[in-house]
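A.B. asks: Pasting model00.txt below, which is compact mmCIF, C-alpha atoms.
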```txt
# COMPACT_ATOMS: atom_id res chain seq x y z
CA MET A 1 -0.52 74.50 114.92
CA ALA A 2 2.16 72.56 116.79
CA ASN A 3 4.03 71.60 113.64
CA ASP A 4 4.43 75.20 112.55
CA ILE A 5 6.49 76.23 115.55
CA PRO A 6 10.26 76.08 114.98
CA ASP A 7 12.11 73.61 117.17
CA ILE A 8 14.46 76.37 118.25
CA VAL A 9 11.47 78.15 119.84
CA ILE A 10 10.44 74.93 121.60
CA GLY A 11 14.02 74.62 122.85
CA ARG A 12 13.78 77.99 124.60
CA LEU A 13 10.55 77.22 126.48
CA PRO A 14 12.27 74.99 129.10
CA VAL A 15 14.78 77.78 129.67
CA TYR A 16 11.94 80.24 130.27
CA LEU A 17 10.29 77.69 132.55
CA ARG A 18 13.45 77.32 134.62
CA ALA A 19 13.84 81.09 135.00
CA LEU A 20 10.17 81.44 135.99
CA ARG A 21 10.51 78.71 138.61
CA ARG A 22 13.43 80.57 140.12
CA LEU A 23 11.39 83.75 140.25
CA ALA A 24 8.56 81.79 141.87
CA GLN A 25 10.98 80.31 144.41
CA ASP A 26 12.33 83.77 145.24
CA GLY A 27 8.72 84.54 146.03
CA GLU A 28 9.24 88.28 145.93
CA LYS A 29 6.42 89.06 143.53
CA ALA A 30 3.62 87.51 141.51
CA THR A 31 4.42 88.95 138.08
CA THR A 32 7.39 89.39 135.77
CA SER A 33 8.06 90.97 132.38
CA SER A 34 9.75 89.93 129.15
CA GLN A 35 12.40 92.56 130.01
CA GLU A 36 13.18 90.96 133.38
CA LEU A 37 13.22 87.45 131.94
CA GLY A 38 15.37 88.64 129.06
CA GLU A 39 17.94 90.23 131.35
CA ARG A 40 18.17 87.05 133.43
CA LEU A 41 18.63 84.89 130.36
CA GLY A 42 20.58 87.07 127.96
CA ILE A 43 17.74 86.85 125.41
CA SER A 44 16.01 89.94 124.00
CA SER A 45 12.60 90.77 125.42
CA ALA A 46 11.22 90.94 121.87
CA GLN A 47 12.37 87.36 121.26
CA ILE A 48 10.65 86.17 124.43
CA ARG A 49 7.38 87.91 123.56
CA LYS A 50 7.52 86.51 120.02
CA ASP A 51 8.26 82.98 121.24
CA LEU A 52 5.37 83.02 123.73
CA SER A 53 2.96 84.58 121.23
CA HIS A 54 3.07 81.31 119.25
CA PHE A 55 1.00 79.76 122.03
CA GLY A 56 -1.43 82.51 123.00
CA GLU A 57 -1.71 85.67 125.05
CA PHE A 58 -0.01 85.18 128.41
CA GLY A 59 0.71 88.72 129.51
CA LYS A 60 -0.92 92.11 129.62
CA GLN A 61 0.58 95.36 128.45
CA GLY A 62 1.75 97.16 131.56
CA THR A 63 1.29 94.33 134.10
CA GLY A 64 3.45 91.66 132.47
CA TYR A 65 3.19 87.92 133.02
CA HIS A 66 1.64 86.30 136.07
CA ILE A 67 4.48 83.95 137.07
CA ASP A 68 2.48 80.98 138.40
CA TYR A 69 0.05 81.12 135.48
CA LEU A 70 2.82 81.22 132.88
CA ILE A 71 4.58 78.30 134.60
CA GLU A 72 1.37 76.25 134.41
CA GLN A 73 0.88 77.14 130.74
CA LEU A 74 4.45 76.23 129.80
CA ARG A 75 4.17 72.95 131.71
CA HIS A 76 1.01 72.20 129.77
CA ILE A 77 2.54 73.13 126.39
CA LEU A 78 5.59 70.96 127.07
CA HIS A 79 3.44 68.05 128.32
CA LEU A 80 4.88 68.26 131.79
CA ASP A 81 1.59 68.07 133.65
CA VAL A 82 2.26 64.35 133.76
CA GLU A 83 5.44 62.84 135.22
CA TRP A 84 7.35 60.89 132.56
CA PRO A 85 9.00 57.70 133.76
CA VAL A 86 12.57 57.59 132.42
CA VAL A 87 14.72 54.58 131.58
CA LEU A 88 18.42 55.11 132.26
CA VAL A 89 20.90 52.89 130.42
CA GLY A 90 24.41 52.85 131.85
CA ALA A 91 25.30 52.58 135.54
CA GLY A 92 28.87 53.87 135.45
CA PHE A 93 29.98 57.07 137.15
CA LEU A 94 27.75 59.21 134.94
CA GLY A 95 24.74 56.90 135.35
CA HIS A 96 25.26 56.94 139.09
CA ALA A 97 25.40 60.75 139.09
CA LEU A 98 22.17 60.92 137.04
CA ALA A 99 20.40 58.38 139.27
CA SER A 100 21.27 60.56 142.28
CA TYR A 101 20.51 63.91 140.59
CA GLY A 102 18.07 66.00 142.59
CA GLY A 103 17.05 68.18 139.66
CA PHE A 104 14.41 65.86 138.17
CA HIS A 105 12.03 66.22 141.08
CA ARG A 106 8.80 68.07 140.22
CA ARG A 107 10.09 68.99 136.77
CA GLY A 108 8.27 66.27 134.84
CA PHE A 109 10.63 63.29 135.00
CA ARG A 110 11.57 60.42 137.26
CA ILE A 111 14.19 57.77 136.60
CA VAL A 112 12.37 54.50 137.22
CA TRP A 113 14.58 51.85 135.61
CA ILE A 114 18.37 51.49 135.32
CA PHE A 115 20.08 48.95 133.08
CA ASP A 116 23.70 47.89 132.68
CA ASN A 117 25.62 44.94 131.27
CA ASP A 118 28.24 44.78 134.06
CA PRO A 119 27.55 41.83 136.43
CA GLU A 120 29.15 43.82 139.26
CA LYS A 121 26.58 46.59 138.87
CA ILE A 122 23.48 44.48 138.29
CA GLY A 123 21.53 44.17 141.55
CA VAL A 124 23.20 47.26 143.06
CA LYS A 125 20.93 50.15 144.07
CA MET A 126 21.60 53.62 142.65
CA GLY A 127 19.47 56.53 143.81
CA GLY A 128 17.20 53.89 145.35
CA ILE A 129 16.72 51.97 142.07
CA LEU A 130 17.94 48.45 141.41
CA VAL A 131 20.26 48.11 138.37
CA GLN A 132 18.81 45.46 136.02
CA PRO A 133 20.56 43.39 133.34
CA VAL A 134 20.51 45.04 129.90
CA GLU A 135 19.04 41.82 128.45
CA GLU A 136 15.74 42.85 130.07
CA LEU A 137 15.80 46.36 128.58
CA GLU A 138 13.65 45.74 125.51
CA ASP A 139 10.92 43.75 127.29
CA THR A 140 10.72 46.24 130.16
CA VAL A 141 10.48 49.30 127.91
CA ARG A 142 7.79 47.61 125.84
CA ALA A 143 5.76 46.32 128.80
CA GLU A 144 5.98 49.59 130.73
CA LYS A 145 5.45 51.74 127.63
CA ALA A 146 8.45 53.92 128.49
CA ARG A 147 8.85 56.76 126.01
CA VAL A 148 11.82 58.67 127.44
CA ALA A 149 15.37 57.36 127.87
CA ILE A 150 18.76 58.64 128.98
CA LEU A 151 21.88 57.04 127.53
CA ALA A 152 24.97 57.04 129.74
CA VAL A 153 26.84 54.29 127.91
CA PRO A 154 30.20 54.30 126.06
CA ALA A 155 30.18 55.55 122.47
CA SER A 156 30.79 51.99 121.27
CA ALA A 157 27.47 50.79 122.72
CA ALA A 158 25.30 53.85 122.07
CA GLN A 159 23.87 52.96 118.64
CA GLU A 160 23.10 49.36 119.58
CA ILE A 161 21.23 50.44 122.72
CA THR A 162 19.45 53.17 120.75
CA ASP A 163 18.19 50.60 118.24
CA ILE A 164 16.78 48.48 121.08
CA LEU A 165 15.12 51.49 122.72
CA VAL A 166 13.56 52.70 119.47
CA GLU A 167 12.36 49.22 118.54
CA ALA A 168 10.69 48.96 121.96
CA GLY A 169 8.90 52.30 121.60
CA VAL A 170 11.13 55.03 123.07
CA GLN A 171 10.66 58.37 121.30
CA SER A 172 12.86 60.80 123.25
CA ILE A 173 16.53 60.08 123.94
CA LEU A 174 18.99 62.22 125.84
CA THR A 175 22.48 60.89 125.16
CA TYR A 176 25.83 61.63 126.78
CA ALA A 177 27.83 59.43 124.41
CA PRO A 178 30.04 61.49 122.09
CA ILE A 179 28.67 60.00 118.86
CA SER A 180 25.84 60.90 116.50
CA LEU A 181 22.86 58.52 116.71
CA VAL A 182 20.81 57.31 113.76
CA VAL A 183 17.08 57.25 114.58
CA PRO A 184 13.79 57.32 112.66
CA GLU A 185 12.14 60.71 112.05
CA ASN A 186 9.59 60.30 114.83
CA VAL A 187 12.33 59.94 117.48
CA GLN A 188 13.90 63.00 119.12
CA VAL A 189 17.53 62.99 120.23
CA GLN A 190 19.26 65.55 122.42
CA TYR A 191 23.03 65.48 122.85
CA SER A 192 24.67 66.49 126.11
CA ASP A 193 28.24 67.40 125.25
CA PRO A 194 30.36 69.46 127.65
CA VAL A 195 32.78 70.40 124.88
CA VAL A 196 30.11 72.10 122.78
CA GLN A 197 29.19 74.21 125.80
CA LEU A 198 32.83 75.03 126.58
CA GLN A 199 33.56 75.95 122.96
CA ARG A 200 30.90 78.64 122.80
CA MET A 201 32.51 80.35 125.79
CA THR A 202 36.10 80.41 124.56
CA TYR A 203 34.91 82.61 121.69
CA TYR A 204 34.83 85.37 124.31
CA LEU A 205 38.29 84.57 125.71
CA HIS A 206 41.52 85.83 124.25
CA PRO A 207 44.31 83.26 124.39
CA MET B 1 32.99 93.08 114.84
CA ALA B 2 32.92 90.32 117.45
CA ASN B 3 30.57 92.21 119.73
CA ASP B 4 27.97 92.57 117.00
CA ILE B 5 27.44 88.84 116.61
CA PRO B 6 24.52 87.46 118.63
CA ASP B 7 25.49 84.89 121.27
CA ILE B 8 22.91 82.52 119.82
CA VAL B 9 24.94 82.47 116.58
CA ILE B 10 28.14 81.79 118.53
CA GLY B 11 26.31 78.96 120.28
CA ARG B 12 25.62 77.22 116.97
CA LEU B 13 29.24 77.31 115.76
CA PRO B 14 30.38 74.42 118.02
CA VAL B 15 27.43 72.39 116.73
CA TYR B 16 28.54 73.03 113.15
CA LEU B 17 32.10 72.16 114.13
CA ARG B 18 31.00 68.83 115.61
CA ALA B 19 29.02 67.95 112.48
CA LEU B 20 31.96 68.90 110.25
CA ARG B 21 34.33 66.75 112.30
CA ARG B 22 32.02 63.80 111.84
CA LEU B 23 31.96 64.40 108.10
CA ALA B 24 35.76 64.60 108.14
CA GLN B 25 35.97 61.36 110.12
CA ASP B 26 33.65 59.62 107.66
CA GLY B 27 36.24 60.67 105.10
CA GLU B 28 33.93 60.12 102.16
CA LYS B 29 34.44 63.52 100.59
CA ALA B 30 36.28 66.81 100.92
CA THR B 31 33.34 69.21 100.69
CA THR B 32 29.87 69.67 102.13
CA SER B 33 26.98 72.09 101.70
CA SER B 34 24.74 74.12 103.98
CA GLN B 35 21.93 71.79 102.83
CA GLU B 36 23.78 68.67 103.97
CA LEU B 37 24.82 70.23 107.28
CA GLY B 38 21.30 71.50 107.80
CA GLU B 39 19.74 68.09 107.24
CA ARG B 40 22.15 66.52 109.71
CA LEU B 41 21.44 69.14 112.35
CA GLY B 42 17.79 70.02 111.84
CA ILE B 43 18.73 73.64 111.11
CA SER B 44 17.75 75.42 107.89
CA SER B 45 20.49 75.82 105.28
CA ALA B 46 19.67 79.55 105.10
CA GLN B 47 20.36 79.87 108.84
CA ILE B 48 23.72 78.11 108.48
CA ARG B 49 24.79 80.32 105.57
CA LYS B 50 23.69 83.44 107.46
CA ASP B 51 25.52 82.37 110.64
CA LEU B 52 28.76 81.68 108.78
CA SER B 53 28.52 84.88 106.75
CA HIS B 54 29.14 86.86 109.95
CA PHE B 55 32.74 85.65 109.80
CA GLY B 56 33.58 85.78 106.11
CA GLU B 57 33.18 83.82 102.92
CA PHE B 58 33.81 80.14 103.52
CA GLY B 59 32.04 78.47 100.63
CA LYS B 60 31.57 78.84 96.93
CA GLN B 61 28.29 78.77 95.06
CA GLY B 62 28.04 75.32 93.51
CA THR B 63 31.00 73.67 95.25
CA GLY B 64 30.01 74.27 98.89
CA TYR B 65 32.34 74.27 101.87
CA HIS B 66 35.72 72.58 102.00
CA ILE B 67 35.32 70.54 105.20
CA ASP B 68 38.89 70.71 106.55
CA TYR B 69 39.19 74.41 105.78
CA LEU B 70 35.90 75.26 107.49
CA ILE B 71 36.91 73.19 110.53
CA GLU B 72 40.15 75.17 110.81
CA GLN B 73 38.31 78.48 110.44
CA LEU B 74 35.73 77.60 113.10
CA ARG B 75 38.49 76.41 115.45
CA HIS B 76 40.21 79.73 114.94
CA ILE B 77 37.04 81.80 115.46
CA LEU B 78 36.24 79.92 118.67
CA HIS B 79 39.85 80.20 119.92
CA LEU B 80 40.38 76.47 119.82
CA ASP B 81 43.73 76.54 118.07
CA VAL B 82 45.15 76.48 121.57
CA GLU B 83 44.31 73.78 124.13
CA TRP B 84 42.62 75.30 127.19
CA PRO B 85 43.60 73.76 130.51
CA VAL B 86 40.43 73.15 132.55
CA VAL B 87 39.97 73.09 136.31
CA LEU B 88 37.35 70.61 137.49
CA VAL B 89 35.80 71.17 140.91
CA GLY B 90 33.96 68.19 142.37
CA ALA B 91 35.21 64.61 142.37
CA GLY B 92 31.94 62.77 142.97
CA PHE B 93 30.35 60.44 140.45
CA LEU B 94 29.85 63.24 137.93
CA GLY B 95 33.36 64.62 138.41
CA HIS B 96 34.76 61.14 137.96
CA ALA B 97 32.74 60.70 134.75
CA LEU B 98 34.03 64.04 133.43
CA ALA B 99 37.64 63.26 134.37
CA SER B 100 37.36 60.02 132.40
CA TYR B 101 35.43 61.52 129.46
CA GLY B 102 37.08 60.79 126.12
CA GLY B 103 35.34 63.61 124.28
CA PHE B 104 37.71 66.45 125.28
CA HIS B 105 40.64 65.10 123.33
CA ARG B 106 41.63 67.25 120.34
CA ARG B 107 38.61 69.50 120.78
CA GLY B 108 40.35 72.33 122.59
CA PHE B 109 40.21 71.33 126.26
CA ARG B 110 42.04 69.20 128.77
CA ILE B 111 41.16 68.71 132.42
CA VAL B 112 44.41 69.42 134.26
CA TRP B 113 43.36 69.96 137.88
CA ILE B 114 40.66 68.35 140.04
CA PHE B 115 39.61 69.68 143.45
CA ASP B 116 37.34 68.32 146.15
CA ASN B 117 36.74 68.86 149.87
CA ASP B 118 36.26 65.18 150.74
CA PRO B 119 39.37 63.77 152.52
CA GLU B 120 38.56 60.34 151.06
CA LYS B 121 38.87 61.69 147.53
CA ILE B 122 41.88 63.94 147.97
CA GLY B 123 44.99 62.14 146.72
CA VAL B 124 42.97 59.70 144.60
CA LYS B 125 43.64 59.68 140.84
CA MET B 126 40.74 60.23 138.43
CA GLY B 127 41.40 60.01 134.71
CA GLY B 128 45.07 60.07 135.62
CA ILE B 129 44.83 63.31 137.62
CA LEU B 130 45.38 63.63 141.37
CA VAL B 131 42.45 65.12 143.31
CA GLN B 132 43.68 68.12 145.32
CA PRO B 133 42.17 69.77 148.42
CA VAL B 134 39.75 72.59 147.58
CA GLU B 135 41.72 74.90 149.91
CA GLU B 136 44.36 75.04 147.16
CA LEU B 137 41.86 75.95 144.44
CA GLU B 138 42.27 79.72 144.49
CA ASP B 139 46.08 79.76 144.58
CA THR B 140 46.36 77.14 141.84
CA VAL B 141 43.94 78.89 139.49
CA ARG B 142 45.74 82.19 140.02
CA ALA B 143 49.25 80.77 139.64
CA GLU B 144 48.39 78.67 136.58
CA LYS B 145 46.22 81.39 135.03
CA ALA B 146 43.36 78.94 134.45
CA ARG B 147 40.47 80.60 132.61
CA VAL B 148 38.06 77.71 132.14
CA ALA B 149 36.34 75.68 134.88
CA ILE B 150 33.78 72.91 135.20
CA LEU B 151 31.63 72.76 138.32
CA ALA B 152 30.45 69.33 139.40
CA VAL B 153 29.60 70.22 142.99
CA PRO B 154 26.29 70.13 144.91
CA ALA B 155 23.96 73.11 144.46
CA SER B 156 24.71 74.20 148.03
CA ALA B 157 28.42 74.72 147.22
CA ALA B 158 28.14 76.08 143.67
CA GLN B 159 27.98 79.83 144.36
CA GLU B 160 30.78 79.76 146.93
CA ILE B 161 33.10 77.88 144.55
CA THR B 162 32.08 80.20 141.71
CA ASP B 163 33.08 83.24 143.75
CA ILE B 164 36.51 81.71 144.41
CA LEU B 165 37.00 80.83 140.74
CA VAL B 166 35.97 84.28 139.52
CA GLU B 167 38.14 86.03 142.11
CA ALA B 168 41.11 83.95 140.92
CA GLY B 169 40.56 84.83 137.25
CA VAL B 170 38.28 82.17 135.72
CA GLN B 171 36.12 83.60 132.93
CA SER B 172 34.24 80.58 131.55
CA ILE B 173 32.28 78.23 133.80
CA LEU B 174 30.33 75.14 132.78
CA THR B 175 28.15 74.12 135.72
CA TYR B 176 26.13 70.97 136.38
CA ALA B 177 24.64 72.24 139.66
CA PRO B 178 20.90 72.93 139.34
CA ILE B 179 21.09 76.55 140.55
CA SER B 180 21.58 79.90 138.85
CA LEU B 181 25.03 81.44 139.44
CA VAL B 182 25.70 85.11 140.03
CA VAL B 183 28.80 86.28 138.16
CA PRO B 184 30.25 89.56 136.86
CA GLU B 185 29.45 90.58 133.28
CA ASN B 186 32.83 89.50 131.92
CA VAL B 187 32.30 85.89 133.06
CA GLN B 188 30.42 83.39 130.89
CA VAL B 189 28.34 80.62 132.43
CA GLN B 190 26.84 77.62 130.66
CA TYR B 191 24.37 75.37 132.45
CA SER B 192 24.23 71.66 131.77
CA ASP B 193 20.78 70.53 132.85
CA PRO B 194 19.37 67.20 131.65
CA VAL B 195 15.83 68.28 132.51
CA VAL B 196 15.90 71.26 130.13
CA GLN B 197 16.95 68.90 127.34
CA LEU B 198 14.29 66.34 128.23
CA GLN B 199 11.56 68.99 128.43
CA ARG B 200 12.08 70.19 124.88
CA MET B 201 11.48 66.65 123.64
CA THR B 202 8.26 65.92 125.53
CA TYR B 203 6.65 68.75 123.57
CA TYR B 204 6.58 66.27 120.69
CA LEU B 205 5.15 63.41 122.79
CA HIS B 206 1.48 62.92 123.52
CA PRO B 207 0.84 61.68 127.02
```
Please, can you express the file's structure as structure tokens?
C.D. replies:
Amino acid sequence: MANDIPDIVIGRLPVYLRALRRLAQDGEKATTSSQELGERLGISSAQIRKDLSHFGEFGKQGTGYHIDYLIEQLRHILHLDVEWPVVLVGAGFLGHALASYGGFHRRGFRIVWIFDNDPEKIGVKMGGILVQPVEELEDTVRAEKARVAILAVPASAAQEITDILVEAGVQSILTYAPISLVVPENVQVQYSDPVVQLQRMTYYLHP
Amino acid sequence: MANDIPDIVIGRLPVYLRALRRLAQDGEKATTSSQELGERLGISSAQIRKDLSHFGEFGKQGTGYHIDYLIEQLRHILHLDVEWPVVLVGAGFLGHALASYGGFHRRGFRIVWIFDNDPEKIGVKMGGILVQPVEELEDTVRAEKARVAILAVPASAAQEITDILVEAGVQSILTYAPISLVVPENVQVQYSDPVVQLQRMTYYLHP
């Protein structure tokens, strides 16, 4: 079944999960509806119901979705009932910000290793983690069976590091470098690019 | 017409633009096709043709899209034929990384002002720009008519800064703080959240 579901649907599930967690944190009520979620997210309620229906029946006509239950189901679907150890490559300003980011906690990920090639950064602690020399990247990823990586390196180094990560067994890469990465078909890449997010907003502005 | 186009379509245009720019930089040929773009982006060619058809006829059956022409058209649609001055709030590690980011250049945006409340950062230059005291944020945004802002502040400060920005006339906000912002309907917000991007990839991993 999994292979039949469009990636664009998969991409919306974490957004639903985030909205549900906020509702749970508000703690005002135990249930929500596709209408309420839709209004919060700017997505039609029909789209939300259709997306969720790929995975089963999560709500009841009239009573809506039980928030905690739907959170658990989405976590299970997205394989977030384990905590994925993450390898971070790049200990510059961005790497430092990521190592200190509070948003990973209890959302399925923990940065466990940080690598850099700068002798001044190696041995320094960032977010409580010791920065290791990039020469040890491949062996560590292989030995620890890391599957998830974040790239916070300059564009000029991104493909080389990607090749090492993929060779060592990484299958999910979130990259901040402004270049397109070449990876085998079984490896997922997500690009974090502030300009792409800014550009979709200026459509609504009138110069 | 603009109001009829779903935001999700608008959101894909910058992704097409980025792919087209890469094709242009490769410089191997003058035209591309919805098939080629689709393969590069993991989006169906039918979706790409449908998205672009909202805005006119950009390609010809058999010859495809002229890359430079389509780039210009997308830049025009997204209001990127001007360069938007951007106000950055937050001069921590993330702010510093953004101020130094090379990816804004020639893509429609330039960080022009940086604000922080930390006396140790005020007066320091980041990416060539002087960090100013946050007390001057509102007056500067109003006087300079800034419309686009990036928030790189802690979650605890994000809503307060947002209120100041909106009051002063900002209409597009890209935020890195892991909280949901409350804004009026005429203000766009984009959330940059590494966890949401990581979560959509673990769907494809098997723990």
A.B. asks: Restricting the calculation to all atoms listed in the file: of A:Ala146, A:Leu137, A:Leu17, A:Ala158, which residue gets closest to Arg75 of chain A?
C.D. replies: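 The answer is A:Leu17, which sits nearest to Arg75 of chain A.
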A.B. asks: Distance cut-off 12 Å, centre (10.0, 63.6, 127.9) in file coordinates, counting only C-alpha atoms: which residues qualify? Return them as JSON, numbers by chain.
C.D. replies: {"A": [14, 75, 78, 79, 80, 81, 82, 83, 84, 85, 86, 87, 104, 107, 108, 109, 110, 111, 146, 147, 148, 149, 150, 170, 171, 172, 173, 174, 187, 188, 189, 190], "B": [194, 195, 196, 197, 198, 199, 200, 201, 202, 203, 204, 205, 206, 207]}
A.B. asks: Grab the atom CA of Met126 of chain A to atom CA of Ala97 of chain A distance for me, in Å with one decimal place.
C.D. replies: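 So the answer is 8.8 Å.
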A.B. asks: Find, counting all atoms listed in the file, the residue in A:Thr140, A:Ser192, A:Gln61, A:Gln25 that gets nearest to chain B.
C.D. replies: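 That would be A:Ser192, the residue with the smallest distance to chain B.
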A.B. asks: Give me the residues within 9 Å of Ala30 of chain A as a list of chain:residue names, counting all atoms listed in the file and dropping any in the same chain fewer than 2 places off.
C.D. replies: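 These residues fall inside the cut-off: A:Leu23, A:Ala24, A:Gly27, A:Glu28, A:Thr32, A:Tyr65, A:His66, A:Ile67, A:Asp68.
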A.B. asks: Using only the atoms of segment 153-157 of chain B listed in the file, plus 5 Å on each side, state the axis-aligned box centre and edge lengths in Å rounded to one decimal, as JSON.
C.D. replies:
```
{"center_x": 26.8, "center_y": 72.4, "center_z": 145.5, "size_x": 15.6, "size_y": 14.6, "size_z": 15.0}
```
A.B. asks: Out of A:Gly11, A:Gly62, A:Pro154, A:Gly123, which residue has the shortest atom-to-atom distance to chain B when counting only C-alpha atoms?
C.D. replies: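 Checking each candidate against chain B, we get A:Gly11 as the closest.
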A.B. asks: I want to know what sits within 9 Å of Gly90 of chain A, based on only C-alpha atoms, with residues of the same chain fewer than 5 positions away left out; could you give that as a PDB file with C-alpha atoms, keeping the file's coordinate frame?
C.D. replies:
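Saved the output as out_20.pdb:
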```pdb
ATOM      1  CA  GLY A  95      24.740  56.900 135.350  1.00  0.00           C
ATOM      2  CA  HIS A  96      25.260  56.940 139.090  1.00  0.00           C
ATOM      3  CA  ILE A 114      18.370  51.490 135.320  1.00  0.00           C
ATOM      4  CA  PHE A 115      20.080  48.950 133.080  1.00  0.00           C
ATOM      5  CA  ASP A 116      23.700  47.890 132.680  1.00  0.00           C
ATOM      6  CA  ASN A 117      25.620  44.940 131.270  1.00  0.00           C
ATOM      7  CA  VAL A 134      20.510  45.040 129.900  1.00  0.00           C
ATOM      8  CA  ILE A 150      18.760  58.640 128.980  1.00  0.00           C
ATOM      9  CA  LEU A 151      21.880  57.040 127.530  1.00  0.00           C
ATOM     10  CA  ALA A 152      24.970  57.040 129.740  1.00  0.00           C
ATOM     11  CA  VAL A 153      26.840  54.290 127.910  1.00  0.00           C
ATOM     12  CA  PRO A 154      30.200  54.300 126.060  1.00  0.00           C
TER      13      PRO A 154
END
```
A.B. asks: Please identify all polymer residues within 7 Å of Pro178 of chain A, counting only C-alpha atoms, omitting same-chain residues fewer than 5 positions from it, and present them as a PyMOL selection string.
C.D. replies: (chain A and resi 155+193) or (chain B and resi 103)
A.B. asks: Kindly export the residues of the current selection with C-alpha atoms, as a PDB file, in the frame of the given file.
C.D. replies:
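Saved as result25.pdb:
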```pdb
ATOM      1  CA  ALA A 155      30.180  55.550 122.470  1.00  0.00           C
ATOM      2  CA  ASP A 193      28.240  67.400 125.250  1.00  0.00           C
TER       3      ASP A 193
ATOM      4  CA  GLY B 103      35.340  63.610 124.280  1.00  0.00           C
TER       5      GLY B 103
END
```
A.B. asks: So what do you get for atom CA of Gln159 of chain A versus atom CA of Leu88 of chain A, distance-wise?
C.D. replies: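 Straight-line distance from atom CA of Gln159 of chain A to atom CA of Leu88 of chain A works out to 14.8 Å.
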A.B. asks: With distances taken over only C-alpha atoms, which of A:Gly127, A:Thr175, A:Ala19, A:Ile164 is nearest to Gly102 of chain A?
C.D. replies: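 Looking at the shortest contact to Gly102 of chain A, the residue is A:Gly127.
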A.B. asks: For a test of reading the model, state the distance in Å between atom CA of Val183 of chain B and atom CA of Val166 of chain B, rounded to one decimal.
C.D. replies: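 Separating atom CA of Val183 of chain B from atom CA of Val166 of chain B is a distance of 7.6 Å.
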A.B. asks: I need every residue sitting at most 12 Å from the point (7.1, 83.3, 120.4) (coordinates as in the file, only C-alpha atoms considered), written as a PDB file with C-alpha atoms, in the coordinates of the input.
C.D. replies:
```pdb
ATOM      1  CA  ASP A   4       4.430  75.200 112.550  1.00  0.00           C
ATOM      2  CA  ILE A   5       6.490  76.230 115.550  1.00  0.00           C
ATOM      3  CA  PRO A   6      10.260  76.080 114.980  1.00  0.00           C
ATOM      4  CA  ASP A   7      12.110  73.610 117.170  1.00  0.00           C
ATOM      5  CA  ILE A   8      14.460  76.370 118.250  1.00  0.00           C
ATOM      6  CA  VAL A   9      11.470  78.150 119.840  1.00  0.00           C
ATOM      7  CA  ILE A  10      10.440  74.930 121.600  1.00  0.00           C
ATOM      8  CA  GLY A  11      14.020  74.620 122.850  1.00  0.00           C
ATOM      9  CA  ARG A  12      13.780  77.990 124.600  1.00  0.00           C
ATOM     10  CA  LEU A  13      10.550  77.220 126.480  1.00  0.00           C
ATOM     11  CA  TYR A  16      11.940  80.240 130.270  1.00  0.00           C
ATOM     12  CA  SER A  34       9.750  89.930 129.150  1.00  0.00           C
ATOM     13  CA  SER A  44      16.010  89.940 124.000  1.00  0.00           C
ATOM     14  CA  SER A  45      12.600  90.770 125.420  1.00  0.00           C
ATOM     15  CA  ALA A  46      11.220  90.940 121.870  1.00  0.00           C
ATOM     16  CA  GLN A  47      12.370  87.360 121.260  1.00  0.00           C
ATOM     17  CA  ILE A  48      10.650  86.170 124.430  1.00  0.00           C
ATOM     18  CA  ARG A  49       7.380  87.910 123.560  1.00  0.00           C
ATOM     19  CA  LYS A  50       7.520  86.510 120.020  1.00  0.00           C
ATOM     20  CA  ASP A  51       8.260  82.980 121.240  1.00  0.00           C
ATOM     21  CA  LEU A  52       5.370  83.020 123.730  1.00  0.00           C
ATOM     22  CA  SER A  53       2.960  84.580 121.230  1.00  0.00           C
ATOM     23  CA  HIS A  54       3.070  81.310 119.250  1.00  0.00           C
ATOM     24  CA  PHE A  55       1.000  79.760 122.030  1.00  0.00           C
ATOM     25  CA  GLY A  56      -1.430  82.510 123.000  1.00  0.00           C
ATOM     26  CA  GLU A  57      -1.710  85.670 125.050  1.00  0.00           C
ATOM     27  CA  PHE A  58      -0.010  85.180 128.410  1.00  0.00           C
TER      28      PHE A  58
END
```
A.B. asks: Could you check which of A:Ile77, A:Val89, A:Ala143, A:Leu165 is closest to chain B, using only C-alpha atoms?
C.D. replies: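 Among A:Ile77, A:Val89, A:Ala143, A:Leu165, it is A:Ile77 that comes nearest to chain B.
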